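Right, one structure below, let's go through it.
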Amino acid sequence: MSQAFDIQINVEEGVHLVTLKGALDTATIDQLINTMLPIMTSPCPRVIFCCKDLTYLNSRSLGYFTQYHRTAMVKQGRVIFWEMSDRLLKAFDRLRVKDSLFFCETKEEGMEKFRG
C-alpha cells in the first residue's frame, strides 16, 4: 500500500518550486505526471523539486525525473533537486544518472543557478 503523496507548487522569479511529500510509486506517479505536464511543455521549464519530505522513489519515478531534466535542458531550462536524502540520492547513483543531474542543498543555492 502506498503512503500518502502530495505535490505543492509555488512560483518564485519564474521558477516552479515543486514540493514533493510522501512516496512516489506506481500508485502516485500519475499525480506527478499530470502536475508536471503543463510545466514541462512550457517553452523554458525552470523547476526546483524540493525533496525534503519525499520518502520513496520507484524506478519509474527516477525515469520521469531524468526525462524532465533532459526536456528542460533541450529547451534551455533546468531541473534541480533540492534537499534530497542520501538514501534517495543512492537510487539515482545506482542507475548512473546522478552525475548528469543538478542537486543543491538550499533553495537559495538552486535559485542562484537560475540567476547566473
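How things are named: the first chain in the C-alpha cells is A, the next is B, and so on; residues count from 1 in each chain; ligands count from 1 in the order shown.
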(Q) Which residues are near stretch 30-42 of chain A? Cut-off 10 Å, only C-alpha atoms, ignore same chain within fewer than 3 positions. Put them as a list in words. (A)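 The filter keeps Phe5, Asp6, Ile7, Gln8, Ile9, His16, Val18, Leu20, Leu24, Asp25, Thr26, Ala27, Pro45, Arg46, Val47, Ser61, Tyr64, Phe65, Gln67, Tyr68, His69, Thr71, Ala72, Lys75, Gly77 and Val79 of chain A.
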(Q) Which of chain A end up as helix (DSSP H, G or I) when DSSP is run on this backbone - answer as a count of residues only? (A) 49
Q | Pairwise distance for atom CA of A:Glu13 and atom CA of A:Asp99, rounded to one decimal in Å | A |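 Atom CA of A:Asp99 lies 26.5 Å from atom CA of A:Glu13.
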Q: Have a look at A:Thr28, A:Asn10, A:Ser85, A:Gln76 and name the one nearest to A:Arg60; count only C-alpha atoms.
A: A:Thr28
Q.
Just want the 10 Å neighbourhood of A:Ser100, counted on only C-alpha atoms, with same-chain residues fewer than 5 positions away dropped. Output as a PyMOL selection string.
A. chain A and resi 66+69-70+92
Q: Name all residues at most 10 Å from A:Thr106 (count only C-alpha atoms; drop same-chain ones fewer than 6 positions away) and give them as a list in words.
A: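 Residues near the query, excluding close chain neighbours: Cys50, Phe81, Trp82 and Glu83 of chain A.
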Can you write out the residues you just picked, keeping C-alpha atoms, as a tab-separated table (two decimals), in the first residue's frame?
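File produced: selection.tsv:
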chain	number	residue	atom	x	y	z
A	50	CYS	CA	12.01	20.10	-3.02
A	81	PHE	CA	16.68	18.68	-6.94
A	82	TRP	CA	16.81	20.30	-3.51
A	83	GLU	CA	17.24	18.59	-0.13
Q: Would you kindly return, as a ChimeraX atom specification, each protein, DNA or RNA residue with an atom no farther than 12 Å from any atom of A:Lys98, considering only C-alpha atoms and excluding same-chain residues fewer than 4 positions away?
A: /A:62-63,65-66,69,80-81,84,86,88-94,102-103
With C-alpha atoms retained, write the just-selected residues as a JSON list (two decimals), in the first residue's frame.
[["chain", "number", "residue", "atom", "x", "y", "z"],
["A", 62, "LEU", "CA", 13.51, 8.10, -11.49],
["A", 63, "GLY", "CA", 12.89, 7.70, -15.20],
["A", 65, "PHE", "CA", 12.85, 12.83, -13.30],
["A", 66, "THR", "CA", 15.57, 12.04, -15.84],
["A", 69, "HIS", "CA", 15.86, 17.01, -16.81],
["A", 80, "ILE", "CA", 17.23, 20.97, -9.92],
["A", 81, "PHE", "CA", 16.68, 18.68, -6.94],
["A", 84, "MET", "CA", 17.19, 15.01, -1.35],
["A", 86, "ASP", "CA", 21.19, 10.35, 0.97],
["A", 88, "LEU", "CA", 17.22, 8.61, -2.39],
["A", 89, "LEU", "CA", 20.43, 10.00, -3.88],
["A", 90, "LYS", "CA", 21.79, 6.46, -3.83],
["A", 91, "ALA", "CA", 18.90, 5.38, -6.06],
["A", 92, "PHE", "CA", 19.97, 7.96, -8.67],
["A", 93, "ASP", "CA", 23.57, 6.80, -8.27],
["A", 94, "ARG", "CA", 22.67, 3.11, -8.75],
["A", 102, "PHE", "CA", 21.65, 19.02, -10.70],
["A", 103, "PHE", "CA", 21.36, 18.86, -6.90]]
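Interatomic distance, atom CA of A:Met111 to atom CA of A:Lys52: 16.4 Å.
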Q) atom CA of A:Val74 to atom CA of A:Tyr56: how many Å, to one decimal? A) 27.7 Å
Q: Mind the document's chain letters and residue numbers, and return as a PyMOL selection string the residues of chain A that DSSP labels strand (DSSP E or B).
A: chain A and resi 5-12+15-24+46-57+78-82+102-104
Q | Closest of A:Leu101, A:Gly110, A:Leu57, A:Phe49 to A:Gly22 - atom-to-atom distances counting only C-alpha atoms | A |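 That would be A:Leu57, the residue with the smallest distance to A:Gly22.
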